[in-house]
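Text of target25.csv, listed as CSV, C-alpha atoms and all ligand atoms:
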chain,number,residue,atom,x,y,z
A,508,MET,CA,4.4,27.2,2.4
A,509,LYS,CA,5.6,23.6,2.7
A,510,PRO,CA,3.6,21.1,0.6
A,511,ARG,CA,1.7,18.3,2.2
A,512,HIS,CA,3.2,14.8,1.5
A,513,PHE,CA,1.8,11.3,1.9
A,514,LEU,CA,4.8,9.1,2.9
A,515,THR,CA,3.0,7.0,5.5
A,516,LEU,CA,-0.7,6.6,6.6
A,517,LEU,CA,0.3,8.6,9.7
A,518,ASP,CA,0.6,11.8,7.5
A,519,LEU,CA,-3.2,12.0,7.5
A,520,ASP,CA,-5.4,11.8,10.7
A,521,SER,CA,-8.3,9.4,11.1
A,522,GLY,CA,-10.9,12.0,10.0
A,523,GLU,CA,-8.9,12.9,6.8
A,524,LEU,CA,-8.4,9.2,6.0
A,525,GLN,CA,-12.1,8.5,6.3
A,526,ALA,CA,-13.0,11.6,4.2
A,527,LEU,CA,-10.6,10.4,1.6
A,528,ILE,CA,-12.2,7.0,1.4
A,529,ASP,CA,-15.7,8.5,1.2
A,530,ARG,CA,-14.5,10.7,-1.6
A,531,ALA,CA,-12.9,7.7,-3.3
A,532,ARG,CA,-16.3,5.9,-3.2
A,533,GLU,CA,-17.9,9.0,-4.8
A,534,LEU,CA,-15.3,9.1,-7.5
A,535,LYS,CA,-15.8,5.4,-8.2
A,536,ALA,CA,-19.5,5.9,-8.6
A,537,LEU,CA,-18.9,8.9,-11.0
A,538,GLN,CA,-16.5,6.8,-13.0
A,539,LYS,CA,-18.9,3.8,-13.2
A,540,ASN,CA,-21.7,6.1,-14.3
A,541,GLY,CA,-19.6,7.7,-17.0
A,542,VAL,CA,-19.8,11.1,-15.4
A,543,ALA,CA,-16.7,13.2,-16.2
A,544,HIS,CA,-14.9,14.5,-13.1
A,545,ARG,CA,-11.9,16.5,-14.3
A,546,THR,CA,-11.3,18.2,-11.0
A,547,ARG,CA,-7.5,18.8,-11.5
A,548,PRO,CA,-7.3,20.0,-15.1
A,549,GLY,CA,-3.8,20.6,-16.5
A,550,LYS,CA,-2.0,19.1,-13.5
A,551,VAL,CA,1.1,16.9,-14.1
A,552,MET,CA,2.4,14.1,-12.0
A,553,ALA,CA,5.9,12.7,-12.2
A,554,MET,CA,6.0,9.0,-11.5
A,555,VAL,CA,9.5,7.8,-10.4
A,556,PHE,CA,9.8,4.0,-10.4
A,557,GLU,CA,13.0,2.4,-9.1
A,558,LYS,CA,11.1,-1.0,-8.8
A,559,SER,CA,8.6,-2.8,-11.1
A,560,SER,CA,4.9,-2.2,-11.0
A,561,THR,CA,1.7,-3.0,-12.7
A,562,ARG,CA,-1.1,-1.8,-10.4
A,563,THR,CA,0.6,1.3,-9.1
A,564,ARG,CA,1.7,2.6,-12.4
A,565,VAL,CA,-1.6,2.0,-14.2
A,566,SER,CA,-3.7,3.4,-11.4
A,567,PHE,CA,-1.8,6.6,-11.0
A,568,GLU,CA,-1.5,7.2,-14.7
A,569,THR,CA,-5.2,6.5,-15.4
A,570,GLY,CA,-6.2,8.5,-12.3
A,571,MET,CA,-4.4,11.6,-13.5
A,572,ILE,CA,-5.9,11.4,-16.9
A,573,GLN,CA,-9.4,10.9,-15.4
A,574,LEU,CA,-8.9,14.0,-13.2
A,575,GLY,CA,-8.0,16.0,-16.3
A,576,GLY,CA,-4.2,16.0,-15.9
A,577,GLN,CA,-1.3,13.9,-17.1
A,578,ALA,CA,1.4,11.6,-15.7
A,579,LEU,CA,5.0,11.1,-16.8
A,580,PHE,CA,6.7,7.7,-16.2
A,581,LEU,CA,10.3,8.2,-15.2
A,582,SER,CA,12.6,5.2,-14.9
A,583,PRO,CA,16.1,5.4,-13.4
A,584,ARG,CA,17.3,3.6,-16.5
A,585,ASP,CA,16.8,6.6,-18.7
A,586,THR,CA,16.9,9.6,-16.3
A,587,GLN,CA,19.8,11.1,-14.5
A,588,LEU,CA,18.4,9.6,-11.3
A,589,GLY,CA,19.9,6.3,-12.3
A,590,ARG,CA,23.3,8.0,-13.0
A,591,GLY,CA,23.8,9.3,-9.5
A,592,GLU,CA,22.3,12.9,-9.6
A,593,PRO,CA,21.7,13.7,-6.0
A,594,ILE,CA,18.2,13.2,-4.6
A,595,GLU,CA,18.1,16.7,-3.3
A,596,ASP,CA,18.8,18.1,-6.8
A,597,SER,CA,16.4,15.9,-8.5
A,598,ALA,CA,13.7,16.9,-6.1
A,599,ARG,CA,14.3,20.6,-6.6
A,600,VAL,CA,14.3,20.3,-10.4
A,601,LEU,CA,11.3,18.0,-10.8
A,602,SER,CA,9.2,20.0,-8.3
A,603,ARG,CA,9.8,23.2,-10.3
A,604,MET,CA,8.2,21.6,-13.3
A,605,VAL,CA,5.4,19.2,-12.2
A,606,ASP,CA,2.6,19.6,-9.7
A,607,ILE,CA,2.9,16.4,-7.7
A,608,ILE,CA,5.4,13.5,-7.6
A,609,MET,CA,5.0,9.8,-6.9
A,610,ILE,CA,8.0,7.7,-6.0
A,611,ARG,CA,8.5,3.9,-5.7
A,612,THR,CA,12.0,3.2,-4.3
A,613,PHE,CA,14.0,1.1,-1.8
A,614,GLU,CA,15.1,3.0,1.3
A,615,HIS,CA,12.4,4.9,3.1
A,616,GLU,CA,15.0,7.6,4.0
A,617,LYS,CA,15.4,8.3,0.3
A,618,ILE,CA,11.7,9.4,-0.1
A,619,GLU,CA,11.9,11.4,3.1
A,620,ARG,CA,14.9,13.2,1.8
A,621,PHE,CA,13.3,13.8,-1.6
A,622,ALA,CA,10.1,15.2,0.1
A,623,GLU,CA,12.2,17.5,2.2
A,624,PHE,CA,13.6,19.2,-0.9
A,625,SER,CA,10.4,19.1,-3.0
A,626,ASP,CA,8.2,22.1,-3.4
A,627,VAL,CA,5.2,19.9,-4.4
A,628,PRO,CA,3.5,17.0,-2.7
A,629,VAL,CA,5.3,13.7,-2.7
A,630,ILE,CA,3.4,10.4,-2.6
A,631,ASN,CA,5.0,7.1,-1.3
A,632,ALA,CA,4.2,4.5,-4.0
A,633,LEU,CA,6.1,1.8,-1.9
A,634,THR,CA,9.4,1.8,-0.1
A,635,ASP,CA,11.1,-1.1,1.7
A,636,MET,CA,9.3,0.2,4.8
A,637,TYR,CA,5.7,1.2,3.8
A,638,HIS,CA,3.1,0.9,1.1
A,639,PRO,CA,0.4,3.4,2.3
A,640,CYS,CA,-1.5,3.8,-1.0
A,641,GLN,CA,-2.3,0.1,-0.9
A,642,LEU,CA,-3.9,0.5,2.5
A,643,LEU,CA,-6.2,3.3,1.3
A,644,ALA,CA,-7.6,0.8,-1.2
A,645,ASP,CA,-7.7,-2.1,1.3
A,646,ILE,CA,-9.7,-0.2,3.9
A,647,MET,CA,-12.0,1.2,1.2
A,648,THR,CA,-12.5,-2.4,0.1
A,649,TRP,CA,-13.3,-3.5,3.6
A,650,GLN,CA,-15.8,-0.7,4.0
A,651,GLU,CA,-17.5,-1.5,0.7
A,652,HIS,CA,-18.0,-5.1,1.8
A,653,ARG,CA,-18.5,-4.9,5.5
A,654,ASP,CA,-18.9,-1.2,6.5
A,655,ASP,CA,-17.0,0.0,9.7
A,656,ILE,CA,-13.7,-1.7,10.5
A,657,ARG,CA,-13.5,-0.2,14.1
A,658,GLY,CA,-13.1,-2.9,16.7
A,659,LYS,CA,-12.8,-5.7,14.1
A,660,LYS,CA,-9.9,-8.2,14.0
A,661,ALA,CA,-7.5,-8.5,11.1
A,662,ALA,CA,-4.8,-11.2,10.8
A,663,TRP,CA,-1.5,-10.7,9.0
A,664,ILE,CA,0.2,-13.9,8.0
A,665,GLY,CA,3.8,-14.0,6.7
A,666,ASP,CA,6.5,-11.4,6.4
A,667,GLY,CA,6.8,-8.4,8.7
A,668,ASN,CA,7.4,-6.3,5.6
A,669,ASN,CA,6.4,-3.0,4.1
A,670,MET,CA,2.7,-4.1,3.7
A,671,CYS,CA,2.7,-5.4,7.3
A,672,HIS,CA,4.0,-2.0,8.6
A,673,SER,CA,1.3,-0.2,6.7
A,674,TRP,CA,-1.4,-2.6,8.2
A,675,ILE,CA,0.0,-1.7,11.6
A,676,ASN,CA,-0.4,2.0,10.9
A,677,ALA,CA,-3.9,1.3,9.6
A,678,ALA,CA,-4.8,-0.4,12.9
A,679,ARG,CA,-3.8,2.8,14.6
A,680,ARG,CA,-5.7,5.2,12.3
A,681,PHE,CA,-8.8,3.1,11.8
A,682,ASP,CA,-8.9,1.6,15.3
A,683,PHE,CA,-9.0,-2.2,14.7
A,684,HIS,CA,-7.1,-5.1,16.1
A,685,LEU,CA,-4.3,-6.7,14.2
A,686,ALA,CA,-2.8,-10.1,15.0
A,687,ILE,CA,0.5,-10.8,13.2
A,688,ALA,CA,2.0,-14.3,12.6
A,689,THR,CA,5.6,-14.2,11.4
A,690,PRO,CA,8.4,-16.8,11.5
A,691,GLU,CA,11.2,-15.9,13.9
A,692,GLY,CA,13.6,-13.5,12.2
A,693,PHE,CA,10.9,-11.8,10.1
A,694,ASP,CA,9.1,-9.7,12.7
A,695,PRO,CA,7.9,-6.2,11.8
A,696,ASP,CA,10.1,-3.3,12.8
A,697,PRO,CA,10.0,-3.0,16.6
A,698,ASN,CA,9.4,0.7,16.6
A,699,VAL,CA,6.5,0.6,14.2
A,700,LEU,CA,5.0,-2.3,16.3
A,701,ALA,CA,5.6,-0.5,19.7
A,702,ALA,CA,3.9,2.7,18.5
A,703,ALA,CA,0.7,0.7,17.9
A,704,GLY,CA,0.4,-0.4,21.5
A,705,ASP,CA,-2.0,-3.1,22.4
A,706,ARG,CA,-4.0,-2.8,19.1
A,707,VAL,CA,-1.4,-5.1,17.6
A,708,ALA,CA,-0.2,-8.6,18.8
A,709,LEU,CA,2.5,-10.8,17.5
A,710,PHE,CA,2.2,-14.6,17.2
A,711,ARG,CA,4.4,-17.4,15.7
A,712,GLN,CA,1.6,-19.8,14.7
A,713,PRO,CA,-0.6,-18.6,11.8
A,714,ALA,CA,-3.6,-20.4,13.3
A,715,ASP,CA,-3.3,-18.4,16.5
A,716,ALA,CA,-3.3,-15.1,14.6
A,717,ALA,CA,-6.2,-16.2,12.3
A,718,ALA,CA,-8.4,-17.4,15.2
A,719,ASP,CA,-11.8,-15.5,15.0
A,720,ALA,CA,-10.4,-13.0,12.5
A,721,ASP,CA,-12.8,-10.9,10.4
A,722,LEU,CA,-10.1,-10.4,7.8
A,723,VAL,CA,-7.0,-12.5,6.8
A,724,VAL,CA,-4.2,-10.7,4.8
A,725,THR,CA,-1.0,-11.9,3.4
A,726,ASP,CA,1.7,-10.9,0.9
A,727,VAL,CA,4.7,-12.4,-0.9
A,728,TRP,CA,7.5,-14.0,1.1
A,729,THR,CA,10.2,-12.4,-1.0
A,730,SER,CA,9.6,-8.7,-1.7
A,731,MET,CA,11.2,-6.7,-4.5
A,732,GLY,CA,14.9,-6.2,-3.7
A,733,GLN,CA,15.2,-9.4,-1.7
A,734,GLU,CA,15.4,-11.8,-4.6
A,735,ASP,CA,18.8,-13.3,-3.5
A,736,GLU,CA,17.1,-14.4,-0.2
A,737,GLN,CA,14.4,-16.3,-2.0
A,738,LYS,CA,15.5,-19.9,-1.1
A,739,ARG,CA,16.2,-19.1,2.6
A,740,ARG,CA,12.8,-17.4,2.7
A,741,GLU,CA,10.9,-20.3,1.2
A,742,ARG,CA,12.3,-22.5,3.9
A,743,ALA,CA,11.5,-20.0,6.7
A,744,PHE,CA,7.9,-19.4,5.5
A,745,ALA,CA,7.0,-23.0,4.9
A,746,GLY,CA,3.7,-23.4,6.8
A,747,TYR,CA,2.7,-19.8,6.5
A,748,ILE,CA,0.4,-20.4,3.6
A,749,VAL,CA,-3.2,-19.0,3.8
A,750,ASP,CA,-5.2,-22.0,2.7
A,751,ASP,CA,-8.6,-23.4,3.4
A,752,ASP,CA,-7.5,-24.9,6.8
A,753,LEU,CA,-6.2,-21.5,7.9
A,754,MET,CA,-9.3,-19.7,6.7
A,755,ALA,CA,-11.4,-22.2,8.7
A,756,CYS,CA,-9.8,-20.7,11.9
A,757,ALA,CA,-11.2,-17.3,11.0
A,758,ASN,CA,-14.8,-16.2,11.2
A,759,GLU,CA,-17.1,-17.8,8.7
A,760,ASP,CA,-17.6,-14.6,6.7
A,761,ALA,CA,-14.0,-13.5,7.0
A,762,LEU,CA,-12.6,-11.6,3.9
A,763,PHE,CA,-9.2,-12.5,2.4
A,764,MET,CA,-6.9,-9.7,1.0
A,765,HIS,CA,-3.6,-9.7,-0.8
A,766,CYS,CA,-2.0,-6.6,-2.4
A,767,LEU,CA,-0.8,-8.6,-5.4
A,768,PRO,CA,1.1,-9.9,-7.3
A,769,ALA,CA,0.5,-13.3,-5.6
A,770,HIS,CA,2.2,-16.6,-5.8
A,771,ARG,CA,-0.4,-19.4,-5.6
A,772,GLY,CA,0.9,-22.4,-3.7
A,773,GLU,CA,3.3,-20.2,-1.7
A,774,GLU,CA,1.8,-17.6,0.6
A,775,VAL,CA,-1.8,-18.4,-0.6
A,776,SER,CA,-3.6,-21.4,-2.0
A,777,ALA,CA,-5.4,-21.0,-5.3
A,778,SER,CA,-8.6,-22.1,-3.5
A,779,VAL,CA,-8.4,-19.1,-1.2
A,780,ILE,CA,-7.3,-16.3,-3.6
A,781,ASP,CA,-9.8,-17.5,-6.2
A,782,GLY,CA,-12.4,-18.5,-3.7
A,783,PRO,CA,-15.5,-16.9,-2.0
A,784,HIS,CA,-13.6,-15.0,0.8
A,785,SER,CA,-11.3,-13.2,-1.6
A,786,VAL,CA,-11.7,-9.6,-2.5
A,787,VAL,CA,-8.4,-9.1,-4.2
A,788,TRP,CA,-9.7,-7.8,-7.5
A,789,ASP,CA,-11.7,-5.1,-5.7
A,790,GLU,CA,-8.6,-4.1,-3.8
A,791,ALA,CA,-6.7,-3.8,-7.0
A,792,GLU,CA,-9.4,-1.7,-8.7
A,793,ASN,CA,-9.8,0.5,-5.6
A,794,ARG,CA,-6.2,1.6,-6.0
A,795,LEU,CA,-7.4,3.8,-8.8
A,796,HIS,CA,-10.3,5.4,-6.9
A,797,ALA,CA,-8.5,5.9,-3.6
A,798,GLN,CA,-5.4,7.4,-5.2
A,799,LYS,CA,-7.6,9.9,-7.2
A,800,ALA,CA,-9.0,11.0,-3.9
A,801,LEU,CA,-5.5,11.3,-2.5
A,802,ILE,CA,-4.4,13.4,-5.5
A,803,GLU,CA,-7.4,15.7,-5.1
A,804,LEU,CA,-6.6,16.2,-1.4
A,805,LEU,CA,-2.9,16.9,-1.9
A,806,LEU,CA,-3.6,19.2,-4.9
A,807,ALA,CA,-6.5,21.0,-3.0
B,901,LIG,N1,0.1,-3.9,-5.1
B,901,LIG,C1,0.9,-3.2,-5.9
B,901,LIG,O1,1.5,-2.2,-5.5
B,901,LIG,O2,1.2,-3.8,-7.1
B,901,LIG,P1,2.2,-3.3,-8.2
B,901,LIG,O3,3.6,-3.7,-7.7
B,901,LIG,O4,1.8,-4.0,-9.5
B,901,LIG,O5,2.2,-1.8,-8.4
B,902,LIG,N1,5.9,-6.6,-0.3
B,902,LIG,C1,5.8,-6.5,-1.7
B,902,LIG,C2,4.6,-5.7,-2.1
B,902,LIG,C3,4.5,-5.5,-3.6
B,902,LIG,C4,3.3,-4.7,-4.0
B,902,LIG,C5,7.1,-5.9,-2.2
B,902,LIG,O1,7.6,-4.9,-1.7
B,902,LIG,O2,7.6,-6.4,-3.2

Show the structure stored in the file as structure tokens.
Amino acid sequence: MKPRHFLTLLDLDSGELQALIDRARELKALQKNGVAHRTRPGKVMAMVFEKSSTRTRVSFETGMIQLGGQALFLSPRDTQLGRGEPIEDSARVLSRMVDIIMIRTFEHEKIERFAEFSDVPVINALTDMYHPCQLLADIMTWQEHRDDIRGKKAAWIGDGNNMCHSWINAARRFDFHLAIATPEGFDPDPNVLAAAGDRVALFRQPADAAADADLVVTDVWTSMGQEDEQKRRERAFAGYIVDDDLMACANEDALFMHCLPAHRGEEVSASVIDGPHSVVWDEAENRLHAQKALIELLLA
């Protein structure tokens, strides 16, 4: 039987995603109350990181330990993956040894190819195209603070990047409106956008997207792998900062989210990320709980 993978949010239906978040909240309560929950004893996760990470690495590694299993950190620097061993071969070999595999890489096609040849579930821990695990934590965080997100309005300010694409998929699965403001030349992928229909609208002015929003979200202007475009991006994104003036366009009780790491003074002001609207530390913590629920589901 083919294993179940989690490469984008669309790999789970709306009911499964909600059940996962409900379970994540249960697991969070168990963890907070010191109640052991080793529901996947002896299971081993391989974690393949071709890009840097703090949150993703620590949350998956800690999550596996709390579920009674273990995680192996694999870097291309010291595995054959970095020396050109074919993806297909690496997938077949790793999946004969471990129970589940998490990958952070560049091209999304690479993780799709890996998953095709893997006998065990593969989790997307960020590609250039999507970051679905972050959205599990983000929607969980919304629900903890504000309950149902259906029919609400979120505003995405900045780059039409991997996080933006995952927010578009989240708007489809959780049925909310998403207003996106990007500078010209940095729009999200047209196919991802088109598939979301009229739930998602594109703007040029941040204030137009943020108007009456219940939630304002941003991310770095220069993602991992785009470092040589940094100067050009700084120029293109000038004016796309989420600051107090922009938050004043949103609803009074709007939340602010950022997947982190953040650059204060670039995409977000210190007053916003460290201010009363911000729930970024909950988002970061919830990576742990949401991914534990994901691991349970894929290793059911
Ligand atoms: N948000 C996120 O994925 O952070 P890391 O790059 O630290 O894993
Ligand atoms: N868009 C960012 C997200 C980091 C978690 C990047 O890809 O670098």

>> I need the residue nearest ligand LIG 901 (chain B) from this list: A:Trp663, A:Phe580, A:Phe567, A:Trp728. Use only C-alpha atoms and all ligand atoms for the distance.
In response: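 So, comparing all the options, the nearest one is A:Phe567.
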
> Which one is closest to ligand LIG 901 (chain B): A:Arg545, A:Arg657, A:Arg584, A:His765? Count all atoms listed in the file.
Replying inline: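 Using all atoms listed in the file, ligand LIG 901 (chain B) sits closest to A:His765.
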
>> Within 8 Å of ligand LIG 901 (chain B) (counting only C-alpha atoms and all ligand atoms), which residues show up? I'd like them as a count of residues only.
In response: 15

>> So, with all atoms listed in the file as the atoms that count, which of A:Phe744, A:Tyr637, A:Trp649, A:Phe763 lies closest to A:Val723?
In response: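 Selected residue with least distance to A:Val723: A:Phe763.
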
> From the set A:His512, A:Arg680, A:Arg771, A:His652, which residue has the shortest atom-to-atom contact distance to A:Thr725, counting only C-alpha atoms?
Replying inline: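 Ranking A:His512, A:Arg680, A:Arg771, A:His652 by distance to A:Thr725, first place goes to A:Arg771.
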
> If you count only C-alpha atoms and all ligand atoms, which residues end up within 6 Å of ligand LIG 902 (chain B), as an MDAnalysis selection string?
Replying inline: chainID A and resid 669:670 727 730:731 766:767

>> What's around stretch 525-539 of chain A at 10 Å? Count only C-alpha atoms, leave out sequence neighbours fewer than 4 positions away in its own chain, and write the answer as a list in words.
In response: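 The neighbour list is Leu519, Asp520, Ser521, Ala543, His544, Gln573, Leu574, Leu643, Ala644, Ile646, Met647, Thr648, Gln650, Glu651, Arg680, Phe681, Glu792, Asn793, Arg794, Leu795, His796, Ala797, Gln798, Lys799, Ala800, Leu801, Ile802, Glu803 and Leu804 of chain A.
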
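Put simply, atom CA of A:Ile607 is 22.0 Å away from atom CA of A:Ser673.
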
> Counting all atoms listed in the file, which of A:Asp750, A:Glu623, A:Asp705, A:Asp606 gets nearest to A:Lys509?
Replying inline: A:Glu623

> Contacts of A:Pro783 at 12 Å or less, counting only C-alpha atoms, minus same-chain residues fewer than 5 places along, as a VMD selection string?
Replying inline: chain A and resid 751 754 759 to 764 777 to 778

Would you mind listing what lies within 10 Å of A:Asn631 as a PDB file with C-alpha atoms, keeping the file's coordinate frame, with all atoms listed in the file counted and same-chain residues fewer than 5 positions away left out?
ATOM      1  CA  HIS A 512       3.200  14.800   1.500  1.00  0.00           C
ATOM      2  CA  PHE A 513       1.800  11.300   1.900  1.00  0.00           C
ATOM      3  CA  LEU A 514       4.800   9.100   2.900  1.00  0.00           C
ATOM      4  CA  THR A 515       3.000   7.000   5.500  1.00  0.00           C
ATOM      5  CA  LEU A 516      -0.700   6.600   6.600  1.00  0.00           C
ATOM      6  CA  ILE A 608       5.400  13.500  -7.600  1.00  0.00           C
ATOM      7  CA  MET A 609       5.000   9.800  -6.900  1.00  0.00           C
ATOM      8  CA  ILE A 610       8.000   7.700  -6.000  1.00  0.00           C
ATOM      9  CA  ARG A 611       8.500   3.900  -5.700  1.00  0.00           C
ATOM     10  CA  THR A 612      12.000   3.200  -4.300  1.00  0.00           C
ATOM     11  CA  HIS A 615      12.400   4.900   3.100  1.00  0.00           C
ATOM     12  CA  ILE A 618      11.700   9.400  -0.100  1.00  0.00           C
ATOM     13  CA  GLU A 619      11.900  11.400   3.100  1.00  0.00           C
ATOM     14  CA  ALA A 622      10.100  15.200   0.100  1.00  0.00           C
ATOM     15  CA  TYR A 637       5.700   1.200   3.800  1.00  0.00           C
ATOM     16  CA  HIS A 638       3.100   0.900   1.100  1.00  0.00           C
ATOM     17  CA  PRO A 639       0.400   3.400   2.300  1.00  0.00           C
ATOM     18  CA  CYS A 640      -1.500   3.800  -1.000  1.00  0.00           C
TER      19      CYS A 640
END

> What lies within 8 Å of A:Arg511 using all atoms listed in the file, ignoring chain neighbours under 5 positions off, as a ChimeraX atom specification?
Replying inline: /A:627-629,805

> Excluding same-chain residues fewer than 4 positions from A:Ala718, what lies within 8 Å of it counting only C-alpha atoms, as a count of residues only?
Replying inline: 4

>> Could you check the closest approach to A:Val600 for each of A:Ile675, A:Val724, A:Ile656, A:Leu588 and tell me which residue wins, using only C-alpha atoms?
In response: A:Leu588

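As for atom CA of A:Ala745 and atom CA of A:Gly667, they are spaced 15.1 Å apart.
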
> When you draw a straight line from atom CA of A:Phe693 to atom CA of A:Asp735, how long is it in Å?
Replying inline: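 Here the two named atoms are 15.8 Å from each other.
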
Can we get stretch 669-744 of chain A of that structure written down with C-alpha atoms, as a short mmCIF file (atom, residue, chain, number, x, y, z; two decimals), in the first residue's frame?
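Result file follows (out-v7.cif):
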data_model
loop_
_atom_site.label_atom_id
_atom_site.label_comp_id
_atom_site.auth_asym_id
_atom_site.auth_seq_id
_atom_site.Cartn_x
_atom_site.Cartn_y
_atom_site.Cartn_z
CA ASN A 669 6.26 29.60 -0.10
CA MET A 670 4.44 30.90 2.99
CA CYS A 671 2.05 32.94 0.84
CA HIS A 672 1.24 29.83 -1.24
CA SER A 673 0.49 27.86 1.91
CA TRP A 674 -1.77 30.66 3.17
CA ILE A 675 -3.63 30.47 -0.16
CA ASN A 676 -4.12 26.73 0.33
CA ALA A 677 -5.23 27.36 3.91
CA ALA A 678 -7.89 29.81 2.68
CA ARG A 679 -9.27 26.98 0.52
CA ARG A 680 -9.22 24.31 3.20
CA PHE A 681 -10.40 26.48 6.13
CA ASP A 682 -12.73 28.67 4.07
CA PHE A 683 -11.60 32.22 4.87
CA HIS A 684 -10.77 35.26 2.71
CA LEU A 685 -7.19 36.18 1.95
CA ALA A 686 -6.15 39.59 0.61
CA ILE A 687 -2.59 39.61 -0.71
CA ALA A 688 -0.46 42.74 -1.26
CA THR A 689 2.75 42.17 -3.22
CA PRO A 690 4.93 44.49 -5.27
CA GLU A 691 4.83 43.95 -9.02
CA GLY A 692 7.04 41.05 -10.02
CA PHE A 693 6.58 39.21 -6.70
CA ASP A 694 3.08 37.83 -7.13
CA PRO A 695 2.25 34.32 -5.95
CA ASP A 696 2.23 31.49 -8.48
CA PRO A 697 -0.73 32.09 -10.85
CA ASN A 698 -1.87 28.45 -10.73
CA VAL A 699 -1.92 28.33 -6.92
CA LEU A 700 -3.81 31.63 -6.93
CA ALA A 701 -6.32 30.63 -9.63
CA ALA A 702 -7.18 27.38 -7.85
CA ALA A 703 -8.35 29.36 -4.82
CA GLY A 704 -10.98 31.25 -6.84
CA ASP A 705 -12.62 34.29 -5.27
CA ARG A 706 -11.50 33.45 -1.74
CA VAL A 707 -8.21 35.16 -2.56
CA ALA A 708 -7.70 38.67 -3.97
CA LEU A 709 -4.50 40.39 -5.09
CA PHE A 710 -3.63 44.04 -4.32
CA ARG A 711 -0.61 46.29 -4.78
CA GLN A 712 -1.11 48.58 -1.78
CA PRO A 713 -0.60 46.99 1.67
CA ALA A 714 -3.29 49.27 3.13
CA ASP A 715 -5.87 47.95 0.64
CA ALA A 716 -5.15 44.35 1.63
CA ALA A 717 -5.08 45.12 5.36
CA ALA A 718 -8.37 47.07 5.36
CA ASP A 719 -10.74 45.50 7.93
CA ALA A 720 -8.57 42.40 8.20
CA ASP A 721 -8.94 40.09 11.22
CA LEU A 722 -5.38 38.87 10.81
CA VAL A 723 -2.25 40.40 9.24
CA VAL A 724 0.59 38.10 8.17
CA THR A 725 4.01 38.71 6.69
CA ASP A 726 7.33 36.97 6.10
CA VAL A 727 10.88 37.87 5.13
CA TRP A 728 11.49 39.69 1.85
CA THR A 729 14.39 37.41 0.95
CA SER A 730 13.83 33.70 1.49
CA MET A 731 16.48 31.04 1.90
CA GLY A 732 18.21 30.49 -1.43
CA GLN A 733 17.53 34.05 -2.67
CA GLU A 734 20.39 35.73 -0.81
CA ASP A 735 21.96 37.14 -3.98
CA GLU A 736 18.70 39.05 -4.71
CA GLN A 737 18.68 40.78 -1.34
CA LYS A 738 19.51 44.32 -2.47
CA ARG A 739 17.01 44.25 -5.35
CA ARG A 740 14.37 42.88 -2.98
CA GLU A 741 15.00 45.55 -0.34
CA ARG A 742 14.27 48.18 -2.98
CA ALA A 743 11.19 46.40 -4.36
CA PHE A 744 9.65 45.80 -0.91
#
